[in-house]
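coords.pdb (PDB, C-alpha atoms)
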```pdb
ATOM      1  CA  MET A  18      45.756  53.690  20.176
ATOM      2  CA  LEU A  19      42.020  53.847  20.261
ATOM      3  CA  PRO A  20      39.944  54.272  17.084
ATOM      4  CA  ASN A  21      37.942  57.454  16.495
ATOM      5  CA  VAL A  22      40.060  59.433  18.962
ATOM      6  CA  THR A  23      41.996  62.561  17.998
ATOM      7  CA  TYR A  24      45.704  62.346  18.778
ATOM      8  CA  THR A  25      47.820  65.488  19.163
ATOM      9  CA  CYS A  26      51.577  65.624  18.772
ATOM     10  CA  THR A  27      53.468  68.834  19.617
ATOM     11  CA  LEU A  28      57.055  69.308  18.477
ATOM     12  CA  SER A  29      59.283  72.230  19.407
ATOM     13  CA  ASP A  30      62.911  73.149  18.922
ATOM     14  CA  GLU A  31      65.316  72.840  21.836
ATOM     15  CA  LEU A  32      64.964  76.543  22.738
ATOM     16  CA  GLY A  33      61.158  76.422  22.644
ATOM     17  CA  CYS A  34      61.042  79.096  19.984
ATOM     18  CA  ALA A  35      59.323  77.134  17.263
ATOM     19  CA  GLU A  36      56.459  74.733  17.655
ATOM     20  CA  ILE A  37      54.552  72.412  15.341
ATOM     21  CA  LYS A  38      51.268  70.893  16.414
ATOM     22  CA  VAL A  39      49.779  67.983  14.460
ATOM     23  CA  ASP A  40      46.312  66.526  15.105
ATOM     24  CA  THR A  41      45.247  63.222  13.566
ATOM     25  CA  LYS A  42      42.263  60.988  13.861
ATOM     26  CA  LEU A  43      42.578  57.249  13.200
ATOM     27  CA  ASP A  44      39.690  55.453  11.581
ATOM     28  CA  PRO A  45      39.419  51.762  12.363
ATOM     29  CA  VAL A  46      39.818  49.141   9.662
ATOM     30  CA  VAL A  47      36.698  47.007   9.631
ATOM     31  CA  LEU A  48      37.299  43.720   7.787
ATOM     32  CA  LYS A  49      34.454  41.216   7.493
ATOM     33  CA  PRO A  50      35.277  38.132   5.408
ATOM     34  CA  SER A  51      32.272  36.107   4.264
ATOM     35  CA  PHE A  52      31.151  33.969   1.339
ATOM     36  CA  GLU A  53      28.147  32.430  -0.386
ATOM     37  CA  TYR A  54      28.073  28.984  -1.941
ATOM     38  CA  THR A  55      25.931  26.878  -4.257
ATOM     39  CA  THR A  56      26.066  23.085  -4.408
ATOM     40  CA  GLY A  57      26.064  21.352  -7.773
ATOM     41  CA  CYS A  58      26.345  17.781  -9.005
ATOM     42  CA  GLY A  59      29.078  15.282  -8.254
ATOM     43  CA  GLY A  60      30.427  17.148  -5.244
ATOM     44  CA  LYS A  61      31.026  20.436  -7.073
ATOM     45  CA  VAL A  62      30.475  23.587  -5.004
ATOM     46  CA  GLU A  63      30.653  27.149  -6.380
ATOM     47  CA  PHE A  64      32.017  29.805  -4.005
ATOM     48  CA  LYS A  65      31.772  33.602  -4.086
ATOM     49  CA  SER A  66      33.467  35.943  -1.624
ATOM     50  CA  THR A  67      31.077  38.534  -0.186
ATOM     51  CA  SER A  68      33.777  40.020   2.066
ATOM     52  CA  THR A  69      33.720  43.723   2.916
ATOM     53  CA  VAL A  70      36.323  46.139   4.250
ATOM     54  CA  ALA A  71      36.175  49.765   5.427
ATOM     55  CA  GLY A  72      39.230  51.954   5.918
ATOM     56  CA  ASP A  73      41.579  49.833   3.780
ATOM     57  CA  ASN A  74      41.731  47.737   0.585
ATOM     58  CA  MET A  75      41.529  43.957   0.411
ATOM     59  CA  ILE A  76      44.454  42.434  -1.462
ATOM     60  CA  SER A  77      44.175  38.675  -0.954
ATOM     61  CA  TRP A  78      41.799  35.858  -0.157
ATOM     62  CA  ILE A  79      42.991  32.439   0.993
ATOM     63  CA  TRP A  80      40.526  29.542   0.917
ATOM     64  CA  ASP A  81      40.606  26.259   2.835
ATOM     65  CA  ALA A  82      37.940  24.008   1.335
ATOM     66  CA  GLY A  83      37.969  21.661   4.330
ATOM     67  CA  GLU A  84      39.774  18.796   2.590
ATOM     68  CA  GLY A  85      43.305  19.919   3.427
ATOM     69  CA  GLU A  86      43.764  22.049   0.308
ATOM     70  CA  VAL A  87      44.482  25.757   0.617
ATOM     71  CA  SER A  88      44.365  28.031  -2.421
ATOM     72  CA  GLY A  89      44.254  31.684  -3.421
ATOM     73  CA  GLU A  90      41.320  32.635  -5.627
ATOM     74  CA  MET A  91      38.785  29.789  -5.480
ATOM     75  CA  SER A  92      35.594  29.950  -7.495
ATOM     76  CA  SER A  93      34.732  26.254  -7.157
ATOM     77  CA  HIS A  94      35.876  23.028  -5.535
ATOM     78  CA  THR A  95      34.899  19.432  -6.259
ATOM     79  CA  TYR A  96      34.680  17.352  -3.084
ATOM     80  CA  SER A  97      35.769  13.717  -3.062
ATOM     81  CA  THR A  98      32.719  12.586  -1.122
ATOM     82  CA  TYR A  99      29.474  13.990   0.260
ATOM     83  CA  GLY A 100      29.143  15.311   3.821
ATOM     84  CA  ASP A 101      29.816  18.378   5.950
ATOM     85  CA  TYR A 102      32.977  20.442   5.503
ATOM     86  CA  ASP A 103      34.344  23.438   7.404
ATOM     87  CA  VAL A 104      35.332  26.000   4.755
ATOM     88  CA  THR A 105      37.536  28.916   5.833
ATOM     89  CA  LEU A 106      38.110  32.169   3.958
ATOM     90  CA  THR A 107      40.969  34.367   5.211
ATOM     91  CA  ALA A 108      41.026  37.922   3.847
ATOM     92  CA  THR A 109      44.032  40.260   4.081
ATOM     93  CA  THR A 110      44.132  44.033   3.585
ATOM     94  CA  GLU A 111      46.796  46.299   2.129
ATOM     95  CA  ASN A 112      47.857  47.388   5.628
ATOM     96  CA  GLY A 113      48.217  43.801   6.853
ATOM     97  CA  CYS A 114      44.919  43.311   8.671
ATOM     98  CA  LYS A 115      43.906  39.655   8.456
ATOM     99  CA  GLN A 116      40.574  38.101   9.404
ATOM    100  CA  SER A 117      39.133  34.597   8.905
ATOM    101  CA  TYR A 118      35.578  33.350   8.504
ATOM    102  CA  THR A 119      34.593  29.672   8.775
ATOM    103  CA  GLU A 120      31.267  28.144   7.772
ATOM    104  CA  THR A 121      30.173  24.506   7.719
ATOM    105  CA  ILE A 122      28.769  23.579   4.316
ATOM    106  CA  SER A 123      26.822  20.444   3.383
ATOM    107  CA  VAL A 124      27.745  18.673   0.159
ATOM    108  CA  PRO A 125      24.724  16.565  -0.912
ATOM    109  CA  TYR A 126      24.989  12.831  -1.539
ATOM    110  CA  PHE A 127      26.412  11.820  -4.891
ATOM    111  CA  PRO A 128      27.106   8.217  -5.900
ATOM    112  CA  ASP A 129      30.425   6.620  -6.664
ATOM    113  CA  LEU A 130      28.791   4.260  -9.163
ATOM    114  CA  LYS A 131      30.257   0.789  -9.503
ATOM    115  CA  ILE A 132      29.010  -2.028 -11.737
ATOM    116  CA  ASN A 133      29.433  -5.540 -10.380
ATOM    117  CA  THR A 134      29.474  -8.566 -12.672
ATOM    118  CA  ASP A 135      31.846 -11.167 -14.061
ATOM    119  CA  ALA A 136      34.322  -9.671 -16.537
ATOM    120  CA  ASN A 137      34.679 -12.963 -18.463
ATOM    121  CA  VAL A 138      31.814 -15.410 -19.045
ATOM    122  CA  CYS A 139      31.092 -18.445 -21.192
ATOM    123  CA  ASN A 140      28.665 -18.111 -24.089
ATOM    124  CA  GLY A 141      25.126 -18.770 -22.859
ATOM    125  CA  LYS A 142      25.917 -18.435 -19.135
ATOM    126  CA  GLU A 143      23.490 -16.264 -17.177
ATOM    127  CA  ILE A 144      25.092 -13.453 -15.179
ATOM    128  CA  THR A 145      23.792 -10.880 -12.743
ATOM    129  CA  ILE A 146      24.737  -7.266 -13.329
ATOM    130  CA  SER A 147      24.292  -4.845 -10.458
ATOM    131  CA  ALA A 148      25.195  -1.281  -9.612
ATOM    132  CA  GLU A 149      26.293  -0.049  -6.180
ATOM    133  CA  ASN A 150      25.733   3.253  -4.395
ATOM    134  CA  ILE A 151      22.454   4.292  -6.026
ATOM    135  CA  GLU A 152      19.843   6.225  -4.056
ATOM    136  CA  SER A 153      16.531   4.384  -4.002
ATOM    137  CA  ASP A 154      14.537   7.225  -5.595
ATOM    138  CA  SER A 155      16.860   7.613  -8.599
ATOM    139  CA  ASP A 156      15.896   7.042 -12.240
ATOM    140  CA  ILE A 157      17.994   4.162 -13.654
ATOM    141  CA  LYS A 158      18.646   3.352 -17.316
ATOM    142  CA  TRP A 159      20.849   0.480 -18.478
ATOM    143  CA  SER A 160      22.214   0.093 -21.999
ATOM    144  CA  SER A 161      24.561  -2.156 -23.913
ATOM    145  CA  SER A 162      26.963  -1.751 -26.804
ATOM    146  CA  VAL A 163      24.909  -4.453 -28.571
ATOM    147  CA  ALA A 164      21.936  -2.909 -30.386
ATOM    148  CA  GLY A 165      18.373  -3.932 -29.603
ATOM    149  CA  GLN A 166      18.834  -5.007 -26.008
ATOM    150  CA  THR A 167      16.583  -3.615 -23.291
ATOM    151  CA  PHE A 168      17.003  -3.881 -19.548
ATOM    152  CA  PRO A 169      14.779  -3.095 -16.566
ATOM    153  CA  GLY A 170      15.252   0.166 -14.685
ATOM    154  CA  LEU A 171      16.473  -1.610 -11.576
ATOM    155  CA  SER A 172      19.781  -1.543  -9.760
ATOM    156  CA  SER A 173      20.405  -5.184 -10.766
ATOM    157  CA  PHE A 174      19.207  -7.652 -13.390
ATOM    158  CA  SER A 175      20.151 -11.004 -14.935
ATOM    159  CA  THR A 176      21.023 -11.556 -18.581
ATOM    160  CA  THR A 177      22.643 -14.156 -20.826
ATOM    161  CA  PRO A 178      25.212 -12.507 -23.106
ATOM    162  CA  THR A 179      26.094 -14.268 -26.362
ATOM    163  CA  GLN A 180      28.826 -11.847 -27.374
ATOM    164  CA  SER A 181      31.262  -9.457 -25.720
ATOM    165  CA  GLN A 182      29.745  -6.078 -24.891
ATOM    166  CA  ILE A 183      29.905  -3.044 -22.647
ATOM    167  CA  TYR A 184      27.097  -2.542 -20.147
ATOM    168  CA  SER A 185      26.441   1.051 -19.117
ATOM    169  CA  ILE A 186      24.247   2.611 -16.484
ATOM    170  CA  LYS A 187      22.911   6.151 -16.338
ATOM    171  CA  VAL A 188      21.447   7.310 -13.035
ATOM    172  CA  GLU A 189      19.552  10.557 -12.497
ATOM    173  CA  ASP A 190      18.916  11.557  -8.885
ATOM    174  CA  GLN A 191      16.063  13.674  -7.503
ATOM    175  CA  ARG A 192      18.180  16.857  -7.858
ATOM    176  CA  GLY A 193      18.490  16.265 -11.623
ATOM    177  CA  CYS A 194      22.151  15.224 -11.470
ATOM    178  CA  THR A 195      23.258  12.482 -13.854
ATOM    179  CA  TYR A 196      25.965   9.889 -13.165
ATOM    180  CA  THR A 197      27.273   7.104 -15.417
ATOM    181  CA  ALA A 198      29.412   3.980 -15.234
ATOM    182  CA  SER A 199      30.340   1.209 -17.686
ATOM    183  CA  LYS A 200      31.827  -2.280 -17.556
ATOM    184  CA  GLU A 201      32.939  -4.625 -20.319
ATOM    185  CA  VAL A 202      31.880  -8.274 -20.265
ATOM    186  CA  ARG A 203      33.851 -10.628 -22.531
ATOM    187  CA  VAL A 204      32.253 -13.779 -23.856
TER     188      VAL A 204
END
```

Can you dump the structure from the file as structure tokens?
Amino acid sequence: MLPNVTYTCTLSDELGCAEIKVDTKLDPVVLKPSFEYTTGCGGKVEFKSTSTVAGDNMISWIWDAGEGEVSGEMSSHTYSTYGDYDVTLTATTENGCKQSYTETISVPYFPDLKINTDANVCNGKEITISAENIESDSDIKWSSSVAGQTFPGLSSFSTTPTQSQIYSIKVEDQRGCTYTASKEVRV
């Protein structure tokens, strides 16, 4: 059957005495799945379906976030690492029409912060504390569970702990996203 064409069906009884004529016009179902997205911090991406349909009603949306997970209604997804992902939205109508739309999205870099240092040290021994996976243009702030200590805003520094404490780092990137990590050092 072709869309926008009038179809005529004529029925008559076996003697040809009675006749029924029915005309119908079929309108096509036009289904266009699509979505918008906004990237956030730490791999979080907000999704919004902007799908449209004419000639039918949409009843379901199936999302594939590009990491092997498929779900029904998806308003956000947190990616395990930064990079490009092919996201697919499949929309289905009441009459069974199904259409998919795929778009490559870019998840911006976000650090998996790790603090490197010795976990156990002798009293008075100098140690180096460093953080991995920090972008060079990030704002870095170190702190300690021991009051009154100050540390440079660098990705690594040396210190001589005299008591057990927890060292923490807070990193703010150029997008305004904040990431933290902590590590205990026992003396």

* With the file shown as input, list the residues that the PyMOL selection byres ((chain A and resi 68-83) around 10) selects, as a PyMOL selection string. => chain A and resi 43-53+62+64-67+84-96+101-122

* Tell me which protein, DNA and RNA residues are within 9 Å of Val138 (chain A), counting only C-alpha atoms, leaving out same-chain ones fewer than 6 positions away, and put them as number ranges by chain. => A: 144, 178, 181, 202-204

Output file for the residues above (C-alpha atoms, as a compact mmCIF listing (two decimals), in the frame of the given file):
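Here's the written file result.txt:
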```
# COMPACT_ATOMS: atom_id res chain seq x y z
CA ILE A 144 25.09 -13.45 -15.18
CA PRO A 178 25.21 -12.51 -23.11
CA SER A 181 31.26 -9.46 -25.72
CA VAL A 202 31.88 -8.27 -20.26
CA ARG A 203 33.85 -10.63 -22.53
CA VAL A 204 32.25 -13.78 -23.86
```

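Shortest separation to Leu28 (chain A) among A:Ser123, A:Gly100, A:Asp40, A:Ser173 occurs at residue A:Asp40, atoms counted being only C-alpha atoms.
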
* To do: Might you spell out which residues the PyMOL selection byres ((chain A and resi 150) around 10) would select in the displayed file, as a PyMOL selection string?
  => chain A and resi 127-132+148-149+151-153+172

* Two-atom distance - CA of Gly193 (chain A), CA of Phe168 (chain A) (Å) -> 21.7 Å

* So which residues get picked by the PyMOL selection byres ((chain A and resi 200) around 10) here, written as a list in words? -> Lys131, Ile132, Asn133, Thr134, Asp135, Ala136, Ile146, Ser161, Gln182, Ile183, Tyr184, Ser185, Ile186, Ala198, Ser199, Glu201, Val202 and Arg203 of chain A

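One distance worth recording is that between CA of Thr195 (chain A) and CA of Gln180 (chain A), which is 28.4 Å.
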
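Of note, CA of Gly60 (chain A) and CA of Asp190 (chain A) are spaced 13.3 Å apart.
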
* **Residue list as a ChimeraX atom specification for point (45.3, 61.5, 16.2), cut-off 7 Å, all atoms listed in the file** => /A:22-25,40-43
